[in-house]
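Enquirer: data_24.txt (compact mmCIF, C-alpha atoms) pasted underneath:
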```txt
# COMPACT_ATOMS: atom_id res chain seq x y z
CA MET I 1 -2.76 3.55 -0.44
CA LYS I 2 -1.27 4.53 2.87
CA ILE I 3 -2.06 2.60 6.03
CA SER I 4 -3.42 5.16 8.49
CA THR I 5 -2.72 5.53 12.20
CA ARG I 6 -6.05 3.78 12.82
CA GLY I 7 -4.80 0.64 11.12
CA ARG I 8 -1.42 0.76 12.78
CA TYR I 9 -2.65 1.51 16.30
CA GLY I 10 -5.49 -0.97 15.98
CA LEU I 11 -3.07 -3.73 15.18
CA ARG I 12 -0.83 -2.78 18.08
CA LEU I 13 -3.86 -2.90 20.33
CA LEU I 14 -4.75 -6.40 19.13
CA VAL I 15 -1.17 -7.65 19.52
CA ASP I 16 -1.06 -6.25 23.05
CA LEU I 17 -4.40 -7.85 23.95
CA ALA I 18 -3.25 -11.17 22.49
CA GLU I 19 -0.10 -11.05 24.60
CA HIS I 20 -2.05 -10.30 27.77
CA GLN I 21 -5.15 -12.40 27.18
CA SER I 22 -4.39 -14.73 30.09
CA GLU I 23 -4.83 -11.80 32.47
CA GLY I 24 -8.54 -11.45 31.76
CA PRO I 25 -10.07 -8.19 30.53
CA VAL I 26 -7.34 -5.64 29.78
CA ALA I 27 -7.85 -1.96 30.61
CA LEU I 28 -7.00 0.37 27.75
CA SER I 29 -4.98 2.52 30.14
CA HIS I 30 -2.55 -0.39 30.48
CA VAL I 31 -2.31 -0.83 26.72
CA ALA I 32 -1.83 2.92 26.32
CA HIS I 33 0.99 2.84 28.83
CA ARG I 34 2.71 -0.22 27.37
CA GLN I 35 2.36 0.85 23.76
CA GLU I 36 2.91 4.55 24.42
CA LEU I 37 -0.30 5.41 22.60
CA SER I 38 -3.02 7.87 23.54
CA GLU I 39 -5.79 6.21 25.58
CA LYS I 40 -8.42 8.41 23.97
CA TYR I 41 -7.42 7.28 20.54
CA LEU I 42 -7.29 3.65 21.63
CA GLN I 43 -10.87 3.97 22.89
CA GLN I 44 -12.02 4.97 19.42
CA VAL I 45 -10.16 2.11 17.77
CA ALA I 46 -11.36 -0.39 20.40
CA LEU I 47 -14.93 0.68 19.76
CA LEU I 48 -14.51 0.02 16.04
CA LEU I 49 -12.93 -3.37 16.71
CA THR I 50 -15.73 -4.27 19.12
CA ARG I 51 -18.40 -3.34 16.60
CA GLY I 52 -16.47 -5.23 13.94
CA GLY I 53 -16.63 -8.38 16.04
CA PHE I 54 -12.98 -8.68 17.02
CA LEU I 55 -13.23 -7.61 20.67
CA ASN I 56 -15.47 -8.09 23.68
CA SER I 57 -15.96 -5.11 25.92
CA ILE I 58 -16.46 -5.94 29.59
CA LYS I 59 -17.92 -3.15 31.67
CA GLY I 60 -17.52 -2.44 35.36
CA ALA I 61 -14.73 -2.82 37.89
CA GLY I 62 -11.98 -5.04 36.53
CA GLY I 63 -13.47 -4.55 33.07
CA GLY I 64 -11.67 -3.93 29.84
CA TYR I 65 -11.25 -5.53 26.47
CA GLN I 66 -10.67 -9.09 25.38
CA LEU I 67 -10.22 -10.77 22.03
CA LYS I 68 -13.47 -12.36 20.92
CA ASP I 69 -11.72 -15.21 19.14
CA SER I 70 -8.42 -16.92 19.70
CA PRO I 71 -5.52 -15.12 17.97
CA GLU I 72 -5.23 -18.06 15.55
CA LYS I 73 -8.62 -17.18 14.14
CA ILE I 74 -8.05 -13.46 13.71
CA PHE I 75 -6.55 -12.61 10.35
CA ILE I 76 -4.63 -9.44 9.66
CA TYR I 77 -6.34 -8.84 6.35
CA ASP I 78 -9.78 -8.79 7.99
CA VAL I 79 -8.62 -6.45 10.75
CA LEU I 80 -7.07 -4.01 8.32
CA THR I 81 -10.06 -4.13 6.03
CA LEU I 82 -12.26 -3.13 8.95
CA LEU I 83 -9.97 -0.39 10.22
CA GLU I 84 -8.96 1.06 6.88
CA GLY I 85 -12.25 0.53 5.08
CA TYR I 86 -10.39 -1.28 2.33
CA ILE I 87 -6.88 -2.40 1.58
CA SER I 88 -6.42 -1.24 -1.92
CA PHE I 89 -4.12 0.60 -4.25
CA GLU I 90 -6.83 0.62 -6.84
CA GLU I 91 -8.29 4.06 -7.24
CA THR I 92 -11.50 4.86 -8.94
CA THR I 93 -11.16 8.06 -10.87
CA GLN I 94 -13.86 10.62 -10.80
CA GLY I 95 -15.44 11.15 -14.15
CA GLN I 96 -14.33 9.48 -17.35
CA GLU I 97 -11.56 6.94 -16.98
CA SER I 98 -9.04 7.12 -19.80
CA VAL I 99 -7.88 3.98 -21.62
CA ILE I 100 -4.46 4.34 -20.04
CA GLU I 101 -5.91 4.70 -16.55
CA ARG I 102 -8.01 1.61 -17.06
CA VAL I 103 -5.07 -0.47 -18.27
CA ILE I 104 -2.94 0.57 -15.29
CA ARG I 105 -5.79 -0.02 -12.87
CA LEU I 106 -6.65 -3.49 -14.22
CA HIS I 107 -3.16 -4.72 -14.94
CA PHE I 108 -1.21 -3.18 -12.11
CA TYR I 109 -3.15 -1.84 -9.12
CA GLN I 110 -5.83 -4.52 -9.12
CA LYS I 111 -3.23 -7.30 -9.33
CA LEU I 112 -1.14 -5.63 -6.67
CA ASP I 113 -4.18 -5.67 -4.38
CA GLN I 114 -4.62 -9.37 -5.08
CA GLU I 115 -0.99 -10.03 -4.14
CA VAL I 116 -1.37 -8.14 -0.87
CA ARG I 117 -4.59 -9.96 -0.12
CA LYS I 118 -3.09 -13.36 -0.89
CA VAL I 119 -0.33 -12.82 1.65
CA PHE I 120 -2.29 -11.07 4.40
CA GLU I 121 -5.25 -13.42 4.38
CA LYS I 122 -2.96 -16.13 5.67
CA VAL I 123 -1.32 -14.21 8.49
CA SER I 124 -3.08 -14.56 11.84
CA LEU I 125 -2.69 -12.44 14.93
CA ALA I 126 -1.14 -15.44 16.67
CA GLU I 127 1.63 -15.55 14.12
CA VAL I 128 2.31 -11.85 14.45
CA THR I 129 2.45 -12.17 18.22
CA LYS I 130 4.87 -15.06 17.97
CA ALA I 131 6.65 -13.43 15.05
CA GLU I 132 6.71 -16.84 13.38
CA TRP I 133 5.01 -15.81 10.22
CA PHE I 134 8.14 -14.85 8.39
CA THR I 135 7.77 -18.24 6.72
CA TYR I 136 5.16 -16.58 4.53
CA MET I 137 7.65 -14.16 3.10
CA ILE I 138 7.92 -14.71 -0.62
CA MET Z 1 5.14 6.45 -18.86
CA VAL Z 2 2.76 3.92 -20.33
CA TYR Z 3 1.77 6.44 -22.96
CA LEU Z 4 5.41 7.29 -23.73
CA ALA Z 5 6.11 3.59 -24.20
CA THR Z 6 3.57 3.50 -27.00
CA CYS Z 7 5.19 6.43 -28.84
CA LYS Z 8 7.76 6.01 -31.55
CA GLU Z 9 8.81 9.62 -31.54
CA ASN Z 10 9.29 12.34 -28.97
CA CYS Z 11 6.06 13.45 -27.37
CA SER Z 12 5.13 16.98 -26.53
CA ILE Z 13 3.64 17.77 -23.15
CA ARG Z 14 0.45 18.69 -24.98
CA SER Z 15 0.06 15.29 -26.66
CA ILE Z 16 0.83 13.47 -23.39
CA SER Z 17 -1.71 15.65 -21.65
CA GLU Z 18 -4.37 14.88 -24.26
CA ALA Z 19 -3.78 11.14 -24.01
CA THR Z 20 -3.56 10.88 -20.25
CA GLY Z 21 -5.84 13.65 -19.07
CA ILE Z 22 -3.07 14.94 -16.79
CA SER Z 23 -2.65 18.70 -16.88
CA GLY Z 24 0.37 20.10 -18.70
CA GLY Z 25 1.65 21.92 -15.65
CA TYR Z 26 1.51 18.80 -13.53
CA LEU Z 27 3.20 16.75 -16.25
CA GLU Z 28 6.08 19.24 -16.30
CA GLN Z 29 6.49 18.66 -12.58
CA LEU Z 30 6.31 14.88 -12.96
CA MET Z 31 9.01 14.96 -15.62
CA ILE Z 32 11.58 16.48 -13.27
CA PRO Z 33 12.09 13.42 -11.02
CA LEU Z 34 11.58 11.05 -13.96
CA ARG Z 35 14.34 12.77 -15.91
CA ARG Z 36 16.56 12.84 -12.86
CA ALA Z 37 16.06 9.09 -12.48
CA LYS Z 38 16.93 8.71 -16.19
CA LEU Z 39 13.57 7.11 -16.95
CA VAL Z 40 12.64 9.72 -19.52
CA VAL Z 41 14.79 11.70 -21.92
CA ALA Z 42 13.97 15.23 -22.94
CA GLU Z 43 15.09 16.67 -26.24
CA ARG Z 44 14.97 20.27 -27.29
CA GLY Z 45 14.20 21.63 -30.73
CA VAL Z 46 11.50 21.31 -33.37
CA GLN Z 47 11.29 17.51 -33.11
CA GLY Z 48 11.85 17.77 -29.36
CA GLY Z 49 9.79 16.41 -26.52
CA TYR Z 50 9.91 13.54 -24.11
CA ARG Z 51 10.51 9.88 -24.71
CA ILE Z 52 10.94 6.84 -22.54
CA ALA Z 53 14.63 6.32 -21.82
CA ARG Z 54 14.84 2.57 -22.23
CA SER Z 55 12.95 -0.69 -22.09
CA GLY Z 56 12.74 -2.71 -18.89
CA ILE Z 57 11.48 0.10 -16.69
CA SER Z 58 9.33 -1.33 -13.92
CA CYS Z 59 6.39 0.22 -12.13
CA HIS Z 60 8.60 0.28 -9.08
CA ASP Z 61 11.20 2.41 -10.89
CA VAL Z 62 8.53 4.93 -11.79
CA LEU Z 63 6.80 5.01 -8.40
CA ASN Z 64 10.07 5.20 -6.56
CA ALA Z 65 11.25 8.09 -8.72
CA SER Z 66 8.04 10.07 -8.54
CA GLU Z 67 7.17 9.38 -4.91
CA GLY Z 68 10.71 9.89 -3.72
CA ASP Z 69 10.76 6.79 -1.59
CA PHE Z 70 7.81 4.54 -2.30
CA ARG Z 71 6.40 3.02 0.90
CA PRO Z 72 2.76 2.42 1.82
CA VAL Z 73 3.39 2.55 5.55
CA PRO Z 74 4.98 5.66 6.99
CA CYS Z 75 6.94 3.93 9.71
CA LYS Z 76 10.61 4.06 9.12
CA ASP Z 77 13.35 4.67 11.64
CA CYS Z 78 10.73 4.57 14.37
CA GLU Z 79 12.10 4.31 17.91
CA HIS Z 80 9.89 1.28 18.59
CA THR Z 81 11.06 -0.71 15.56
CA GLU Z 82 12.94 -3.34 17.58
CA ALA Z 83 10.13 -4.06 20.02
CA CYS Z 84 7.20 -3.49 17.68
CA LYS Z 85 5.80 -6.75 16.37
CA THR Z 86 3.46 -5.01 13.99
CA HIS Z 87 6.46 -3.38 12.35
CA GLN Z 88 7.15 -6.76 10.75
CA ILE Z 89 3.73 -6.75 9.13
CA TRP Z 90 4.49 -3.42 7.59
CA SER Z 91 7.86 -4.53 6.32
CA MET Z 92 6.14 -7.54 4.82
CA LEU Z 93 3.54 -5.33 3.15
CA GLN Z 94 6.37 -3.19 1.89
CA SER Z 95 8.20 -6.15 0.37
CA VAL Z 96 5.05 -7.61 -1.23
CA VAL Z 97 4.35 -4.29 -2.90
CA VAL Z 98 7.94 -3.63 -3.93
CA ASP Z 99 8.50 -7.16 -5.24
CA TYR Z 100 5.33 -7.10 -7.28
CA SER Z 101 5.85 -3.63 -8.70
CA LYS Z 102 9.35 -4.65 -9.76
CA GLN Z 103 7.84 -7.46 -11.83
CA VAL Z 104 5.49 -5.29 -13.84
CA PHE Z 105 7.14 -3.41 -16.67
CA ILE Z 106 5.88 -0.31 -18.36
CA GLU Z 107 5.98 -2.02 -21.75
CA ASP Z 108 3.79 -4.86 -20.41
CA LEU Z 109 1.15 -2.30 -19.52
CA ALA Z 110 1.65 -0.49 -22.81
CA SER Z 111 1.13 -3.73 -24.73
CA HIS Z 112 -2.43 -3.78 -23.42
CA LEU Z 113 -2.94 -0.50 -25.20
CA VAL Z 114 -1.83 -1.72 -28.59
CA GLU Z 115 -5.33 -2.42 -29.77
CA HIS Z 116 -6.19 1.18 -29.03
CA GLU Z 117 -3.05 2.43 -30.79
CA VAL Z 118 -2.70 5.25 -28.34
CA GLY Z 119 0.63 6.62 -29.50
CA GLY Z 120 0.82 4.60 -32.69
CA GLY Z 121 3.93 2.76 -31.49
CA ILE Z 122 5.02 -0.66 -30.21
```
Show how you would write the structure in this file as structure tokens.

Expert:
Amino acid sequence: MKISTRGRYGLRLLVDLAEHQSEGPVALSHVAHRQELSEKYLQQVALLLTRGGFLNSIKGAGGGYQLKDSPEKIFIYDVLTLLEGYISFEETTQGQESVIERVIRLHFYQKLDQEVRKVFEKVSLAEVTKAEWFTYMI
Amino acid sequence: MVYLATCKENCSIRSISEATGISGGYLEQLMIPLRRAKLVVAERGVQGGYRIARSGISCHDVLNASEGDFRPVPCKDCEHTEACKTHQIWSMLQSVVVDYSKQVFIEDLASHLVEHEVGGGI
């Protein structure tokens, strides 16, 4: 598993929107400028996040994007699952899975995924924005 | 590595390949960093082959040796690190993965194979 640019940029977009939510709808050009990310790419990610139910898109003059929920209710695991498709080290092999592959998958990768899930399900966008969530560190 | 842990004697590339389904050529390549990291020992000669170097090798040892530097997120030494709040998520992901993979030992995984008697060992 490698987290892709989509996951990383998407999260930066959400953090930026959370930090500027009091300003009303935020134009992606502002986010692009602040985060030094390409606006075109942000548009694609914003579209995904809107379809996924994390953002509201407001059209017209003064339009932009807003978080649909409060940052306390947006969890990092859900965001990454949407953007990355899945958060998993577990790989399904094509064709016949050998006994060794199965043992490693069930007893290592699958459990590793559970560990990651356990931690990331609890971390909300609000905590990331405040950088308070280090309390969750094991 | 899990297969090697089940073997009492040195294993040839061919027998490892048969058990794991990994091609011989690729196994040869995998052995280079594993030997360098002293996780496997290679012996020449008639009874030669590869064997696991010691007990207590973790999944992290193996992944770190074969991947070079094992990290799921490719952001390291990024210019934004200080200001980037999401960077902390990635360092947390990194530590969850590293901590867990340090707790799982190759022989633990191999013990699940005992019933199948893959290499006849353990």

Enquirer: Pick out the closest residue to I:Leu49 from this set: I:Gln66, I:Gln21, I:Ser29, I:Thr5. Count all atoms listed in the file.

Expert: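 Under the stated criterion, the closest residue is I:Gln66.
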
Enquirer: Taking only C-alpha atoms into account, which of Z:Gly68, Z:Gly56, Z:Gly24, Z:Pro33 comes nearest Z:Ser12?

Expert: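 Nearest to Z:Ser12: Z:Gly24.
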
Enquirer: Might you pull out every residue within 10 Å of Z:Ile89, with all atoms listed in the file counted and same-chain residues fewer than 2 positions away left off, and present them as an NGL selection string?

Expert: (:I and (8 or 11 or 76 or 120 or 123 or 128 or 131 or 133-134)) or (:Z and (73 or 84-87 or 91-95))

Enquirer: Select, from Z:Thr6, Z:Ser15, Z:Gln47, Z:Thr20, the residue with the minimum atom-to-atom distance to chain I, counting all atoms listed in the file.

Expert: Z:Thr20

Enquirer: I need the residue nearest I:Gly64 from this list: I:His107, I:His20, I:Lys130, I:Arg12. Use all atoms listed in the file for the distance.

Expert: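 Between I:His107, I:His20, I:Lys130, I:Arg12, the residue approaching I:Gly64 most closely is I:His20.
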
Enquirer: Quick one: residues within 12 Å of I:Arg34, only C-alpha atoms, excluding same-chain residues fewer than 2 positions away - as a short mmCIF file (atom, residue, chain, number, x, y, z; two decimals) with C-alpha atoms, in the coordinates of the input?

Expert:
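selection11.cif written:
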```
data_model
loop_
_atom_site.label_atom_id
_atom_site.label_comp_id
_atom_site.auth_asym_id
_atom_site.auth_seq_id
_atom_site.Cartn_x
_atom_site.Cartn_y
_atom_site.Cartn_z
CA ARG I 12 -0.83 -2.78 18.08
CA LEU I 13 -3.86 -2.90 20.33
CA VAL I 15 -1.17 -7.65 19.52
CA ASP I 16 -1.06 -6.25 23.05
CA LEU I 17 -4.40 -7.85 23.95
CA GLU I 19 -0.10 -11.05 24.60
CA HIS I 20 -2.05 -10.30 27.77
CA VAL I 26 -7.34 -5.64 29.78
CA ALA I 27 -7.85 -1.96 30.61
CA LEU I 28 -7.00 0.37 27.75
CA SER I 29 -4.98 2.52 30.14
CA HIS I 30 -2.55 -0.39 30.48
CA VAL I 31 -2.31 -0.83 26.72
CA ALA I 32 -1.83 2.92 26.32
CA GLU I 36 2.91 4.55 24.42
CA LEU I 37 -0.30 5.41 22.60
CA SER I 38 -3.02 7.87 23.54
CA GLU I 39 -5.79 6.21 25.58
CA HIS Z 80 9.89 1.28 18.59
CA ALA Z 83 10.13 -4.06 20.02
CA CYS Z 84 7.20 -3.49 17.68
#
```

Enquirer: For chain I versus chain Z, which residues have an atom no more than 8 Å away, and what is each residue's nearest atom pair and distance in Å rounded to one decimal, using all atoms listed in the file, chain-then-number order, as CSV?

Expert:
```
residue,atom,partner,partner_atom,distance
I:Met1,CA,Z:Pro72,CA,6.1
I:Lys2,CA,Z:Pro72,CA,4.7
I:Ile3,CA,Z:Val73,CA,5.5
I:Ser4,CA,Z:Val73,CA,7.9
I:Arg8,CA,Z:Thr86,CA,7.7
I:Leu11,CA,Z:Thr86,CA,6.8
I:Arg12,CA,Z:Thr86,CA,6.3
I:Val15,CA,Z:Thr86,CA,7.7
I:Ser98,CA,Z:Thr20,CA,6.7
I:Val99,CA,Z:Leu113,CA,7.6
I:Ile100,CA,Z:Thr20,CA,6.6
I:Glu101,CA,Z:Thr20,CA,7.6
I:Val103,CA,Z:Leu109,CA,6.6
I:Ile104,CA,Z:Leu109,CA,6.5
I:His107,CA,Z:Leu109,CA,6.7
I:Phe108,CA,Z:Val104,CA,7.2
I:Leu112,CA,Z:Tyr100,CA,6.7
I:Glu115,CA,Z:Val96,CA,7.1
I:Val116,CA,Z:Val96,CA,6.5
I:Val128,CA,Z:Lys85,CA,6.5
I:Thr129,CA,Z:Lys85,CA,6.6
I:Ala131,CA,Z:Lys85,CA,6.9
I:Met137,CA,Z:Met92,CA,7.0
I:Ile138,CA,Z:Val96,CA,7.7
```

Enquirer: Could you give me, as a VMD selection string, the residues within 8 Å of I:Leu67, counting all atoms listed in the file and dropping anything in the same chain fewer than 3 positions from it?

Expert: chain I and resid 14 17 to 18 21 54 to 56 70 to 71

Enquirer: Can you tell me how far atom CA of I:Gly10 sits from atom CA of I:Glu91, in Å to one decimal?

Expert: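 Separation between atom CA of I:Gly10 and atom CA of I:Glu91: 23.9 Å.
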
Enquirer: Using all atoms listed in the file, pick whichever of I:Leu106, I:Ala61, I:Val119, I:Ala126 has the shortest atom-to-atom distance to I:Phe89.

Expert: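 Comparing I:Leu106, I:Ala61, I:Val119, I:Ala126 against I:Phe89, the winner is I:Leu106.
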